[in-house]
file my_file_0.pdb (PDB, N, CA and C atoms)
ATOM      1  N   MET A   1       0.849  -1.158   0.000
ATOM      2  CA  MET A   1       0.000   0.000   0.000
ATOM      3  C   MET A   1       0.895   1.220   0.000
ATOM      4  N   ASN A   2       0.441   2.258  -0.651
ATOM      5  CA  ASN A   2       1.288   3.438  -0.736
ATOM      6  C   ASN A   2       0.434   4.692  -0.761
ATOM      7  N   GLY A   3       0.570   5.500   0.261
ATOM      8  CA  GLY A   3      -0.116   6.780   0.309
ATOM      9  C   GLY A   3      -1.121   6.838   1.441
ATOM     10  N   ALA A   4      -1.090   7.938   2.172
ATOM     11  CA  ALA A   4      -1.972   8.103   3.324
ATOM     12  C   ALA A   4      -3.441   8.026   2.935
ATOM     13  N   GLY A   5      -3.784   8.361   1.696
ATOM     14  CA  GLY A   5      -5.167   8.320   1.244
ATOM     15  C   GLY A   5      -5.593   6.972   0.683
ATOM     16  N   THR A   6      -4.697   5.997   0.680
ATOM     17  CA  THR A   6      -5.002   4.679   0.137
ATOM     18  C   THR A   6      -5.896   3.906   1.095
ATOM     19  N   LEU A   7      -6.964   3.311   0.591
ATOM     20  CA  LEU A   7      -7.880   2.501   1.391
ATOM     21  C   LEU A   7      -8.034   1.148   0.727
ATOM     22  N   PHE A   8      -7.825   0.085   1.505
ATOM     23  CA  PHE A   8      -8.068  -1.266   1.004
ATOM     24  C   PHE A   8      -9.182  -1.867   1.845
ATOM     25  N   THR A   9     -10.250  -2.260   1.185
ATOM     26  CA  THR A   9     -11.367  -2.879   1.902
ATOM     27  C   THR A   9     -11.774  -4.166   1.207
ATOM     28  N   PRO A  10     -11.830  -5.266   1.946
ATOM     29  CA  PRO A  10     -12.229  -6.533   1.335
ATOM     30  C   PRO A  10     -13.727  -6.665   1.122
ATOM     31  N   GLY A  11     -14.516  -5.718   1.636
ATOM     32  CA  GLY A  11     -15.968  -5.793   1.460
ATOM     33  C   GLY A  11     -16.579  -6.844   2.365
ATOM     34  N   SER A  12     -16.885  -7.978   1.817
ATOM     35  CA  SER A  12     -17.541  -9.055   2.555
ATOM     36  C   SER A  12     -16.658  -9.593   3.685
ATOM     37  N   PRO A  13     -17.257  -9.947   4.819
ATOM     38  CA  PRO A  13     -16.480 -10.497   5.919
ATOM     39  C   PRO A  13     -15.854 -11.856   5.606
ATOM     40  N   THR A  14     -16.306 -12.508   4.531
ATOM     41  CA  THR A  14     -15.766 -13.826   4.202
ATOM     42  C   THR A  14     -14.610 -13.765   3.205
ATOM     43  N   VAL A  15     -14.300 -12.587   2.672
ATOM     44  CA  VAL A  15     -13.191 -12.445   1.725
ATOM     45  C   VAL A  15     -11.870 -12.582   2.475
ATOM     46  N   GLN A  16     -10.973 -13.417   1.927
ATOM     47  CA  GLN A  16      -9.636 -13.571   2.488
ATOM     48  C   GLN A  16      -8.610 -13.174   1.435
ATOM     49  N   ILE A  17      -7.623 -12.397   1.844
ATOM     50  CA  ILE A  17      -6.508 -12.053   0.972
ATOM     51  C   ILE A  17      -5.476 -13.165   1.139
ATOM     52  N   ASN A  18      -5.010 -13.748   0.051
ATOM     53  CA  ASN A  18      -4.127 -14.924   0.073
ATOM     54  C   ASN A  18      -4.851 -16.116   0.686
ATOM     55  N   SER A  19      -6.023 -16.434   0.178
ATOM     56  CA  SER A  19      -6.853 -17.476   0.776
ATOM     57  C   SER A  19      -6.212 -18.865   0.764
ATOM     58  N   ALA A  20      -5.229 -19.085  -0.100
ATOM     59  CA  ALA A  20      -4.561 -20.388  -0.140
ATOM     60  C   ALA A  20      -3.604 -20.593   1.024
ATOM     61  N   GLY A  21      -3.191 -19.524   1.678
ATOM     62  CA  GLY A  21      -2.281 -19.642   2.820
ATOM     63  C   GLY A  21      -1.437 -18.402   2.969
ATOM     64  N   ASN A  22      -0.819 -18.264   4.134
ATOM     65  CA  ASN A  22      -0.011 -17.077   4.418
ATOM     66  C   ASN A  22       1.122 -16.935   3.416
ATOM     67  N   ALA A  23       1.212 -15.768   2.776
ATOM     68  CA  ALA A  23       2.247 -15.522   1.782
ATOM     69  C   ALA A  23       2.467 -14.028   1.630
ATOM     70  N   GLY A  24       3.702 -13.629   1.318
ATOM     71  CA  GLY A  24       4.003 -12.242   1.026
ATOM     72  C   GLY A  24       4.030 -11.345   2.255
ATOM     73  N   THR A  25       4.022 -10.053   1.991
ATOM     74  CA  THR A  25       4.143  -9.046   3.045
ATOM     75  C   THR A  25       3.110  -7.959   2.838
ATOM     76  N   ILE A  26       2.506  -7.496   3.923
ATOM     77  CA  ILE A  26       1.683  -6.296   3.862
ATOM     78  C   ILE A  26       2.459  -5.207   4.595
ATOM     79  N   THR A  27       2.656  -4.088   3.910
ATOM     80  CA  THR A  27       3.425  -2.982   4.464
ATOM     81  C   THR A  27       3.021  -1.703   3.759
ATOM     82  N   GLY A  28       3.525  -0.595   4.228
ATOM     83  CA  GLY A  28       3.246   0.688   3.608
ATOM     84  C   GLY A  28       2.434   1.567   4.537
ATOM     85  N   ASN A  29       1.766   2.560   3.952
ATOM     86  CA  ASN A  29       0.904   3.416   4.751
ATOM     87  C   ASN A  29      -0.445   3.509   4.061
ATOM     88  N   GLY A  30      -1.393   4.096   4.723
ATOM     89  CA  GLY A  30      -2.762   4.132   4.249
ATOM     90  C   GLY A  30      -3.636   3.436   5.270
ATOM     91  N   LYS A  31      -4.776   2.905   4.807
ATOM     92  CA  LYS A  31      -5.728   2.287   5.725
ATOM     93  C   LYS A  31      -6.245   0.986   5.138
ATOM     94  N   VAL A  32      -6.330  -0.038   5.974
ATOM     95  CA  VAL A  32      -6.964  -1.297   5.601
ATOM     96  C   VAL A  32      -8.167  -1.507   6.511
ATOM     97  N   GLN A  33      -9.224  -2.053   5.951
ATOM     98  CA  GLN A  33     -10.408  -2.343   6.748
ATOM     99  C   GLN A  33     -10.482  -3.835   7.037
ATOM    100  N   VAL A  34     -10.896  -4.160   8.247
ATOM    101  CA  VAL A  34     -11.121  -5.541   8.655
ATOM    102  C   VAL A  34     -12.619  -5.710   8.829
ATOM    103  N   THR A  35     -13.221  -6.591   8.016
ATOM    104  CA  THR A  35     -14.657  -6.830   8.097
ATOM    105  C   THR A  35     -14.975  -8.221   8.635
ATOM    106  N   SER A  36     -13.952  -9.069   8.778
ATOM    107  CA  SER A  36     -14.143 -10.430   9.270
ATOM    108  C   SER A  36     -14.587 -10.427  10.727
ATOM    109  N   LEU A  37     -15.453 -11.372  11.076
ATOM    110  CA  LEU A  37     -15.907 -11.549  12.454
ATOM    111  C   LEU A  37     -15.305 -12.814  13.069
ATOM    112  N   ALA A  38     -14.385 -13.454  12.340
ATOM    113  CA  ALA A  38     -13.736 -14.674  12.827
ATOM    114  C   ALA A  38     -12.813 -14.356  14.002
ATOM    115  N   PRO A  39     -12.455 -15.372  14.799
ATOM    116  CA  PRO A  39     -11.423 -15.129  15.809
ATOM    117  C   PRO A  39     -10.151 -14.653  15.111
ATOM    118  N   ASN A  40      -9.427 -13.746  15.718
ATOM    119  CA  ASN A  40      -8.232 -13.144  15.090
ATOM    120  C   ASN A  40      -8.578 -12.598  13.705
ATOM    121  N   PRO A  41      -9.499 -11.646  13.640
ATOM    122  CA  PRO A  41     -10.041 -11.218  12.344
ATOM    123  C   PRO A  41      -9.029 -10.608  11.383
ATOM    124  N   PHE A  42      -8.033  -9.865  11.876
ATOM    125  CA  PHE A  42      -7.074  -9.255  10.955
ATOM    126  C   PHE A  42      -6.250 -10.324  10.244
ATOM    127  N   SER A  43      -5.614 -11.219  11.006
ATOM    128  CA  SER A  43      -4.763 -12.221  10.366
ATOM    129  C   SER A  43      -5.565 -13.323   9.687
ATOM    130  N   THR A  44      -6.852 -13.445   9.977
ATOM    131  CA  THR A  44      -7.714 -14.376   9.252
ATOM    132  C   THR A  44      -8.073 -13.801   7.886
ATOM    133  N   GLN A  45      -8.344 -12.495   7.838
ATOM    134  CA  GLN A  45      -8.755 -11.866   6.587
ATOM    135  C   GLN A  45      -7.550 -11.495   5.717
ATOM    136  N   TYR A  46      -6.462 -11.072   6.349
ATOM    137  CA  TYR A  46      -5.235 -10.695   5.625
ATOM    138  C   TYR A  46      -4.170 -11.732   5.951
ATOM    139  N   ARG A  47      -4.029 -12.751   5.091
ATOM    140  CA  ARG A  47      -3.138 -13.873   5.368
ATOM    141  C   ARG A  47      -1.780 -13.626   4.718
ATOM    142  N   PHE A  48      -0.935 -12.893   5.433
ATOM    143  CA  PHE A  48       0.413 -12.596   4.966
ATOM    144  C   PHE A  48       1.427 -13.290   5.858
ATOM    145  N   ALA A  49       2.597 -13.582   5.314
ATOM    146  CA  ALA A  49       3.669 -14.185   6.102
ATOM    147  C   ALA A  49       4.342 -13.146   6.987
ATOM    148  N   THR A  50       4.394 -11.886   6.514
ATOM    149  CA  THR A  50       5.049 -10.815   7.254
ATOM    150  C   THR A  50       4.122  -9.609   7.321
ATOM    151  N   PHE A  51       3.991  -9.049   8.519
ATOM    152  CA  PHE A  51       3.146  -7.874   8.734
ATOM    153  C   PHE A  51       4.027  -6.686   9.085
ATOM    154  N   GLY A  52       4.072  -5.672   8.207
ATOM    155  CA  GLY A  52       4.774  -4.426   8.483
ATOM    156  C   GLY A  52       3.735  -3.327   8.576
ATOM    157  N   VAL A  53       2.961  -3.353   9.643
ATOM    158  CA  VAL A  53       1.776  -2.491   9.730
ATOM    159  C   VAL A  53       1.972  -1.264  10.616
ATOM    160  N   THR A  54       3.205  -0.951  10.973
ATOM    161  CA  THR A  54       3.423   0.169  11.885
ATOM    162  C   THR A  54       3.034   1.514  11.287
ATOM    163  N   ALA A  55       2.920   1.618   9.967
ATOM    164  CA  ALA A  55       2.492   2.863   9.331
ATOM    165  C   ALA A  55       1.065   2.766   8.796
ATOM    166  N   LEU A  56       0.437   1.604   8.961
ATOM    167  CA  LEU A  56      -0.927   1.410   8.471
ATOM    168  C   LEU A  56      -1.940   1.686   9.568
ATOM    169  N   THR A  57      -3.040   2.312   9.200
ATOM    170  CA  THR A  57      -4.175   2.430  10.098
ATOM    171  C   THR A  57      -5.105   1.268   9.786
ATOM    172  N   VAL A  58      -5.495   0.547  10.811
ATOM    173  CA  VAL A  58      -6.389  -0.595  10.639
ATOM    174  C   VAL A  58      -7.763  -0.198  11.168
ATOM    175  N   GLU A  59      -8.749  -0.279  10.288
ATOM    176  CA  GLU A  59     -10.114   0.077  10.662
ATOM    177  C   GLU A  59     -10.919  -1.197  10.887
ATOM    178  N   TRP A  60     -11.415  -1.357  12.098
ATOM    179  CA  TRP A  60     -12.246  -2.506  12.464
ATOM    180  C   TRP A  60     -13.676  -2.153  12.068
ATOM    181  N   ALA A  61     -14.116  -2.651  10.911
ATOM    182  CA  ALA A  61     -15.371  -2.214  10.298
ATOM    183  C   ALA A  61     -16.389  -3.335  10.175
ATOM    184  N   GLY A  62     -16.284  -4.356  11.010
ATOM    185  CA  GLY A  62     -17.215  -5.483  10.944
ATOM    186  C   GLY A  62     -18.605  -5.115  11.408
ATOM    187  N   ALA A  63     -19.579  -5.860  10.916
ATOM    188  CA  ALA A  63     -20.974  -5.614  11.274
ATOM    189  C   ALA A  63     -21.328  -6.186  12.641
ATOM    190  N   GLY A  64     -20.407  -6.914  13.245
ATOM    191  CA  GLY A  64     -20.643  -7.509  14.567
ATOM    192  C   GLY A  64     -19.417  -7.350  15.439
ATOM    193  N   ASP A  65     -19.363  -8.117  16.528
ATOM    194  CA  ASP A  65     -18.255  -8.026  17.476
ATOM    195  C   ASP A  65     -16.952  -8.514  16.856
ATOM    196  N   GLN A  66     -15.862  -7.806  17.153
ATOM    197  CA  GLN A  66     -14.532  -8.156  16.652
ATOM    198  C   GLN A  66     -13.526  -8.043  17.788
ATOM    199  N   GLY A  67     -12.409  -8.737  17.644
ATOM    200  CA  GLY A  67     -11.329  -8.632  18.618
ATOM    201  C   GLY A  67     -10.066  -8.140  17.939
ATOM    202  N   ILE A  68      -9.386  -7.178  18.556
ATOM    203  CA  ILE A  68      -8.099  -6.706  18.041
ATOM    204  C   ILE A  68      -7.037  -7.639  18.586
ATOM    205  N   GLU A  69      -6.400  -8.374  17.709
ATOM    206  CA  GLU A  69      -5.490  -9.420  18.165
ATOM    207  C   GLU A  69      -4.098  -8.902  18.500
ATOM    208  N   ASN A  70      -3.464  -9.580  19.432
ATOM    209  CA  ASN A  70      -2.121  -9.221  19.881
ATOM    210  C   ASN A  70      -1.039  -9.719  18.942
ATOM    211  N   GLY A  71      -1.316 -10.730  18.137
ATOM    212  CA  GLY A  71      -0.292 -11.370  17.320
ATOM    213  C   GLY A  71       0.247 -10.528  16.179
ATOM    214  N   VAL A  72      -0.421  -9.446  15.828
ATOM    215  CA  VAL A  72       0.050  -8.561  14.763
ATOM    216  C   VAL A  72       0.701  -7.367  15.447
ATOM    217  N   PRO A  73       2.014  -7.196  15.293
ATOM    218  CA  PRO A  73       2.707  -6.159  16.061
ATOM    219  C   PRO A  73       2.511  -4.747  15.517
ATOM    220  N   GLY A  74       2.328  -3.807  16.425
ATOM    221  CA  GLY A  74       2.446  -2.387  16.151
ATOM    222  C   GLY A  74       1.582  -1.773  15.090
ATOM    223  N   TYR A  75       0.277  -1.825  15.213
ATOM    224  CA  TYR A  75      -0.587  -1.104  14.289
ATOM    225  C   TYR A  75      -0.224   0.379  14.321
ATOM    226  N   GLY A  76      -0.247   1.048  13.165
ATOM    227  CA  GLY A  76       0.021   2.481  13.109
ATOM    228  C   GLY A  76      -1.087   3.295  13.742
ATOM    229  N   GLY A  77      -2.303   2.844  13.622
ATOM    230  CA  GLY A  77      -3.466   3.475  14.221
ATOM    231  C   GLY A  77      -4.629   2.515  14.125
ATOM    232  N   ILE A  78      -5.608   2.713  14.968
ATOM    233  CA  ILE A  78      -6.779   1.843  14.982
ATOM    234  C   ILE A  78      -8.026   2.717  14.955
ATOM    235  N   ILE A  79      -8.947   2.377  14.057
ATOM    236  CA  ILE A  79     -10.242   3.048  13.994
ATOM    237  C   ILE A  79     -11.313   1.980  14.191
ATOM    238  N   VAL A  80     -12.291   2.255  15.012
ATOM    239  CA  VAL A  80     -13.416   1.356  15.225
ATOM    240  C   VAL A  80     -14.645   2.001  14.593
ATOM    241  N   SER A  81     -15.226   1.357  13.588
ATOM    242  CA  SER A  81     -16.388   1.942  12.923
ATOM    243  C   SER A  81     -17.499   0.939  12.690
ATOM    244  N   GLY A  82     -17.298  -0.305  13.072
ATOM    245  CA  GLY A  82     -18.283  -1.343  12.799
ATOM    246  C   GLY A  82     -19.501  -1.260  13.694
ATOM    247  N   GLY A  83     -20.401  -2.207  13.491
ATOM    248  CA  GLY A  83     -21.656  -2.209  14.214
ATOM    249  C   GLY A  83     -21.629  -2.930  15.540
ATOM    250  N   GLY A  84     -20.532  -3.615  15.862
ATOM    251  CA  GLY A  84     -20.459  -4.355  17.118
ATOM    252  C   GLY A  84     -19.450  -3.744  18.058
ATOM    253  N   SER A  85     -19.122  -4.495  19.089
ATOM    254  CA  SER A  85     -18.102  -4.036  20.025
ATOM    255  C   SER A  85     -16.745  -4.570  19.594
ATOM    256  N   VAL A  86     -15.687  -3.907  20.043
ATOM    257  CA  VAL A  86     -14.330  -4.338  19.726
ATOM    258  C   VAL A  86     -13.603  -4.586  21.036
ATOM    259  N   GLU A  87     -13.058  -5.780  21.165
ATOM    260  CA  GLU A  87     -12.335  -6.190  22.364
ATOM    261  C   GLU A  87     -10.845  -6.049  22.094
ATOM    262  N   THR A  88     -10.139  -5.349  22.982
ATOM    263  CA  THR A  88      -8.702  -5.146  22.780
ATOM    264  C   THR A  88      -7.861  -6.215  23.449
ATOM    265  N   GLY A  89      -8.438  -7.092  24.199
ATOM    266  CA  GLY A  89      -7.680  -8.166  24.831
ATOM    267  C   GLY A  89      -6.632  -7.631  25.775
ATOM    268  N   THR A  90      -5.440  -8.170  25.694
ATOM    269  CA  THR A  90      -4.352  -7.773  26.594
ATOM    270  C   THR A  90      -3.236  -7.088  25.826
ATOM    271  N   MET A  91      -3.576  -6.191  24.941
ATOM    272  CA  MET A  91      -2.573  -5.523  24.122
ATOM    273  C   MET A  91      -1.594  -4.764  25.001
ATOM    274  N   ALA A  92      -0.308  -5.010  24.801
ATOM    275  CA  ALA A  92       0.722  -4.376  25.620
ATOM    276  C   ALA A  92       1.179  -3.044  25.036
ATOM    277  N   ALA A  93       1.082  -2.897  23.722
ATOM    278  CA  ALA A  93       1.585  -1.682  23.075
ATOM    279  C   ALA A  93       0.569  -0.556  23.163
ATOM    280  N   ALA A  94       1.066   0.654  23.231
ATOM    281  CA  ALA A  94       0.176   1.823  23.220
ATOM    282  C   ALA A  94      -0.287   2.065  21.794
ATOM    283  N   PHE A  95      -1.505   2.515  21.643
ATOM    284  CA  PHE A  95      -2.017   2.829  20.316
ATOM    285  C   PHE A  95      -3.049   3.934  20.422
ATOM    286  N   ARG A  96      -3.309   4.553  19.288
ATOM    287  CA  ARG A  96      -4.331   5.605  19.203
ATOM    288  C   ARG A  96      -5.639   4.942  18.807
ATOM    289  N   LEU A  97      -6.682   5.193  19.548
ATOM    290  CA  LEU A  97      -7.978   4.587  19.279
ATOM    291  C   LEU A  97      -8.990   5.673  18.965
ATOM    292  N   GLU A  98      -9.627   5.571  17.810
ATOM    293  CA  GLU A  98     -10.683   6.493  17.414
ATOM    294  C   GLU A  98     -11.963   5.693  17.266
ATOM    295  N   HIS A  99     -13.077   6.267  17.638
ATOM    296  CA  HIS A  99     -14.352   5.611  17.429
ATOM    297  C   HIS A  99     -15.209   6.461  16.526
ATOM    298  N   HIS A 100     -15.629   5.878  15.420
ATOM    299  CA  HIS A 100     -16.484   6.548  14.450
ATOM    300  C   HIS A 100     -17.764   5.736  14.343
ATOM    301  N   PRO A 101     -18.776   6.018  15.165
ATOM    302  CA  PRO A 101     -20.000   5.223  15.132
ATOM    303  C   PRO A 101     -20.685   5.303  13.775
ATOM    304  N   SER A 102     -21.329   4.226  13.416
ATOM    305  CA  SER A 102     -22.062   4.192  12.149
ATOM    306  C   SER A 102     -23.190   5.204  12.175
ATOM    307  N   ALA A 103     -23.445   5.764  11.027
ATOM    308  CA  ALA A 103     -24.524   6.763  10.929
ATOM    309  C   ALA A 103     -25.856   6.088  10.858
TER     310      ALA A 103
END
call {"tool": "encode", "arguments": {"input": "my_file_0.pdb", "output": "structure tokens"}}
result
Amino acid sequence: MNGAGTLFTPGSPTVQINSAGNAGTITGNGKVQVTSLAPNPFSTQYRFATFGVTALTVEWAGAGDQGIENGVPGYGGIIVSGGGSVETGTMAAAFRLEHHPSA
């Protein structure tokens, strides 16, 4: 991804990037949306071998409850905009949290 204005959204919660298995790297800046409601929704929906997400803003945009997983290191920013609640678990790193309720 390249550019602060870049947005990647998988649309449906069942869409998986690299559905055959973890491969490649996600890195850069901009924003990715997570619509999956599966356990560990980010790494379930975005199946990469390497996560370089420290400059990416991750938007939790699912229609139901989602959990922000600890296994993906250092999100650049987090936005919550979905219709359910978002559980942060035991995240050790500090992060910026914005809430944008659905209209």
call {"tool": "select_by_dssp", "arguments": {"input": "my_file_0.pdb", "residues": "range 22-98 of chain A", "states": "strand (DSSP E)", "output": "MDAnalysis selection string"}}
result
chainID A and resid 25:27 30:34 50:52 56:60 66:67 77:80 86:87 97:98
call {"tool": "select_by_dssp", "arguments": {"input": "my_file_0.pdb", "residues": "range 2-97 of chain A", "states": "alpha helix (DSSP H)", "output": "PyMOL selection string"}}
result
chain A and resi 41-45
call {"tool": "write_last_selection", "arguments": {"input": "my_file_0.pdb", "atoms": "N, CA and C atoms", "output": "PDB file, in the frame of the given file"}}
result
ATOM      1  N   PRO A  41      -9.499 -11.646  13.640  1.00  0.00           N
ATOM      2  CA  PRO A  41     -10.041 -11.218  12.344  1.00  0.00           C
ATOM      3  C   PRO A  41      -9.029 -10.608  11.383  1.00  0.00           C
ATOM      4  N   PHE A  42      -8.033  -9.865  11.876  1.00  0.00           N
ATOM      5  CA  PHE A  42      -7.074  -9.255  10.955  1.00  0.00           C
ATOM      6  C   PHE A  42      -6.250 -10.324  10.244  1.00  0.00           C
ATOM      7  N   SER A  43      -5.614 -11.219  11.006  1.00  0.00           N
ATOM      8  CA  SER A  43      -4.763 -12.221  10.366  1.00  0.00           C
ATOM      9  C   SER A  43      -5.565 -13.323   9.687  1.00  0.00           C
ATOM     10  N   THR A  44      -6.852 -13.445   9.977  1.00  0.00           N
ATOM     11  CA  THR A  44      -7.714 -14.376   9.252  1.00  0.00           C
ATOM     12  C   THR A  44      -8.073 -13.801   7.886  1.00  0.00           C
ATOM     13  N   GLN A  45      -8.344 -12.495   7.838  1.00  0.00           N
ATOM     14  CA  GLN A  45      -8.755 -11.866   6.587  1.00  0.00           C
ATOM     15  C   GLN A  45      -7.550 -11.495   5.717  1.00  0.00           C
TER      16      GLN A  45
END
call {"tool": "closest_residue", "arguments": {"input": "my_file_0.pdb", "among": "A:Thr35, A:Gln16, A:Thr9, A:Thr25", "to": "Ala61 in chain A", "atoms": "only N, CA and C atoms"}}
result
A:Thr35
call {"tool": "closest_residue", "arguments": {"input": "my_file_0.pdb", "among": "A:Thr6, A:Thr54, A:Ala63, A:Asn40", "to": "Gly76 in chain A", "atoms": "only N, CA and C atoms"}}
result
A:Thr54
call {"tool": "resolve_selection", "arguments": {"input": "my_file_0.pdb", "expression": "the PyMOL selection byres ((chain A and resi 13) around 5)", "output": "number ranges by chain"}}
result
A: 11-12, 14-15, 35-36
call {"tool": "atom_distance", "arguments": {"input": "my_file_0.pdb", "atom1": "atom C of Tyr75 in chain A", "atom2": "atom N of Ala23 in chain A"}}
result
19.9 Å
call {"tool": "resolve_selection", "arguments": {"input": "my_file_0.pdb", "expression": "the PyMOL selection byres (((chain A and resi 48 and name CA) around 12) and name CA)", "output": "PDB file with N, CA and C atoms, in the frame of the given file"}}
result
ATOM      1  N   GLN A  16     -10.973 -13.417   1.927  1.00  0.00           N
ATOM      2  CA  GLN A  16      -9.636 -13.571   2.488  1.00  0.00           C
ATOM      3  C   GLN A  16      -8.610 -13.174   1.435  1.00  0.00           C
ATOM      4  N   ILE A  17      -7.623 -12.397   1.844  1.00  0.00           N
ATOM      5  CA  ILE A  17      -6.508 -12.053   0.972  1.00  0.00           C
ATOM      6  C   ILE A  17      -5.476 -13.165   1.139  1.00  0.00           C
ATOM      7  N   ASN A  18      -5.010 -13.748   0.051  1.00  0.00           N
ATOM      8  CA  ASN A  18      -4.127 -14.924   0.073  1.00  0.00           C
ATOM      9  C   ASN A  18      -4.851 -16.116   0.686  1.00  0.00           C
ATOM     10  N   SER A  19      -6.023 -16.434   0.178  1.00  0.00           N
ATOM     11  CA  SER A  19      -6.853 -17.476   0.776  1.00  0.00           C
ATOM     12  C   SER A  19      -6.212 -18.865   0.764  1.00  0.00           C
ATOM     13  N   ALA A  20      -5.229 -19.085  -0.100  1.00  0.00           N
ATOM     14  CA  ALA A  20      -4.561 -20.388  -0.140  1.00  0.00           C
ATOM     15  C   ALA A  20      -3.604 -20.593   1.024  1.00  0.00           C
ATOM     16  N   GLY A  21      -3.191 -19.524   1.678  1.00  0.00           N
ATOM     17  CA  GLY A  21      -2.281 -19.642   2.820  1.00  0.00           C
ATOM     18  C   GLY A  21      -1.437 -18.402   2.969  1.00  0.00           C
ATOM     19  N   ASN A  22      -0.819 -18.264   4.134  1.00  0.00           N
ATOM     20  CA  ASN A  22      -0.011 -17.077   4.418  1.00  0.00           C
ATOM     21  C   ASN A  22       1.122 -16.935   3.416  1.00  0.00           C
ATOM     22  N   ALA A  23       1.212 -15.768   2.776  1.00  0.00           N
ATOM     23  CA  ALA A  23       2.247 -15.522   1.782  1.00  0.00           C
ATOM     24  C   ALA A  23       2.467 -14.028   1.630  1.00  0.00           C
ATOM     25  N   GLY A  24       3.702 -13.629   1.318  1.00  0.00           N
ATOM     26  CA  GLY A  24       4.003 -12.242   1.026  1.00  0.00           C
ATOM     27  C   GLY A  24       4.030 -11.345   2.255  1.00  0.00           C
ATOM     28  N   THR A  25       4.022 -10.053   1.991  1.00  0.00           N
ATOM     29  CA  THR A  25       4.143  -9.046   3.045  1.00  0.00           C
ATOM     30  C   THR A  25       3.110  -7.959   2.838  1.00  0.00           C
ATOM     31  N   ILE A  26       2.506  -7.496   3.923  1.00  0.00           N
ATOM     32  CA  ILE A  26       1.683  -6.296   3.862  1.00  0.00           C
ATOM     33  C   ILE A  26       2.459  -5.207   4.595  1.00  0.00           C
ATOM     34  N   THR A  27       2.656  -4.088   3.910  1.00  0.00           N
ATOM     35  CA  THR A  27       3.425  -2.982   4.464  1.00  0.00           C
ATOM     36  C   THR A  27       3.021  -1.703   3.759  1.00  0.00           C
ATOM     37  N   PHE A  42      -8.033  -9.865  11.876  1.00  0.00           N
ATOM     38  CA  PHE A  42      -7.074  -9.255  10.955  1.00  0.00           C
ATOM     39  C   PHE A  42      -6.250 -10.324  10.244  1.00  0.00           C
ATOM     40  N   SER A  43      -5.614 -11.219  11.006  1.00  0.00           N
ATOM     41  CA  SER A  43      -4.763 -12.221  10.366  1.00  0.00           C
ATOM     42  C   SER A  43      -5.565 -13.323   9.687  1.00  0.00           C
ATOM     43  N   THR A  44      -6.852 -13.445   9.977  1.00  0.00           N
ATOM     44  CA  THR A  44      -7.714 -14.376   9.252  1.00  0.00           C
ATOM     45  C   THR A  44      -8.073 -13.801   7.886  1.00  0.00           C
ATOM     46  N   GLN A  45      -8.344 -12.495   7.838  1.00  0.00           N
ATOM     47  CA  GLN A  45      -8.755 -11.866   6.587  1.00  0.00           C
ATOM     48  C   GLN A  45      -7.550 -11.495   5.717  1.00  0.00           C
ATOM     49  N   TYR A  46      -6.462 -11.072   6.349  1.00  0.00           N
ATOM     50  CA  TYR A  46      -5.235 -10.695   5.625  1.00  0.00           C
ATOM     51  C   TYR A  46      -4.170 -11.732   5.951  1.00  0.00           C
ATOM     52  N   ARG A  47      -4.029 -12.751   5.091  1.00  0.00           N
ATOM     53  CA  ARG A  47      -3.138 -13.873   5.368  1.00  0.00           C
ATOM     54  C   ARG A  47      -1.780 -13.626   4.718  1.00  0.00           C
ATOM     55  N   ALA A  49       2.597 -13.582   5.314  1.00  0.00           N
ATOM     56  CA  ALA A  49       3.669 -14.185   6.102  1.00  0.00           C
ATOM     57  C   ALA A  49       4.342 -13.146   6.987  1.00  0.00           C
ATOM     58  N   THR A  50       4.394 -11.886   6.514  1.00  0.00           N
ATOM     59  CA  THR A  50       5.049 -10.815   7.254  1.00  0.00           C
ATOM     60  C   THR A  50       4.122  -9.609   7.321  1.00  0.00           C
ATOM     61  N   PHE A  51       3.991  -9.049   8.519  1.00  0.00           N
ATOM     62  CA  PHE A  51       3.146  -7.874   8.734  1.00  0.00           C
ATOM     63  C   PHE A  51       4.027  -6.686   9.085  1.00  0.00           C
ATOM     64  N   GLY A  52       4.072  -5.672   8.207  1.00  0.00           N
ATOM     65  CA  GLY A  52       4.774  -4.426   8.483  1.00  0.00           C
ATOM     66  C   GLY A  52       3.735  -3.327   8.576  1.00  0.00           C
ATOM     67  N   VAL A  53       2.961  -3.353   9.643  1.00  0.00           N
ATOM     68  CA  VAL A  53       1.776  -2.491   9.730  1.00  0.00           C
ATOM     69  C   VAL A  53       1.972  -1.264  10.616  1.00  0.00           C
ATOM     70  N   VAL A  72      -0.421  -9.446  15.828  1.00  0.00           N
ATOM     71  CA  VAL A  72       0.050  -8.561  14.763  1.00  0.00           C
ATOM     72  C   VAL A  72       0.701  -7.367  15.447  1.00  0.00           C
TER      73      VAL A  72
END
call {"tool": "atom_distance", "arguments": {"input": "my_file_0.pdb", "atom1": "CA of Leu37 in chain A", "atom2": "CA of Val58 in chain A"}}
result
14.6 Å
call {"tool": "closest_residue", "arguments": {"input": "my_file_0.pdb", "among": "A:Gly67, A:Gly28, A:Gly83, A:Gly62", "to": "Pro41 in chain A", "atoms": "all atoms listed in the file"}}
result
A:Gly67
call {"tool": "atom_distance", "arguments": {"input": "my_file_0.pdb", "atom1": "atom C of Asn2 in chain A", "atom2": "atom C of Leu56 in chain A"}}
result
11.0 Å
call {"tool": "closest_residue", "arguments": {"input": "my_file_0.pdb", "among": "A:Gln33, A:Glu87, A:Ile78, A:Ala38", "to": "Pro10 in chain A", "atoms": "only C-alpha atoms"}}
result
A:Gln33
call {"tool": "axis_aligned_box", "arguments": {"input": "my_file_0.pdb", "around": "range 36-54 of chain A", "padding_each_side": "5 Å", "output": "JSON"}}
result
{"center_x": -5.4, "center_y": -6.9, "center_z": 10.3, "size_x": 31.0, "size_y": 26.9, "size_z": 21.1}
call {"tool": "closest_residue", "arguments": {"input": "my_file_0.pdb", "among": "A:Thr57, A:Thr88, A:Gly82, A:Ala4", "to": "Asn70 in chain A", "atoms": "all atoms listed in the file"}}
result
A:Thr88
call {"tool": "residues_around", "arguments": {"input": "my_file_0.pdb", "residues": "Ser85 in chain A", "least_positions_apart": "5", "cutoff": "9 Å", "atoms": "only C-alpha atoms", "output": "ChimeraX atom specification"}}
result
/A:64-67,80
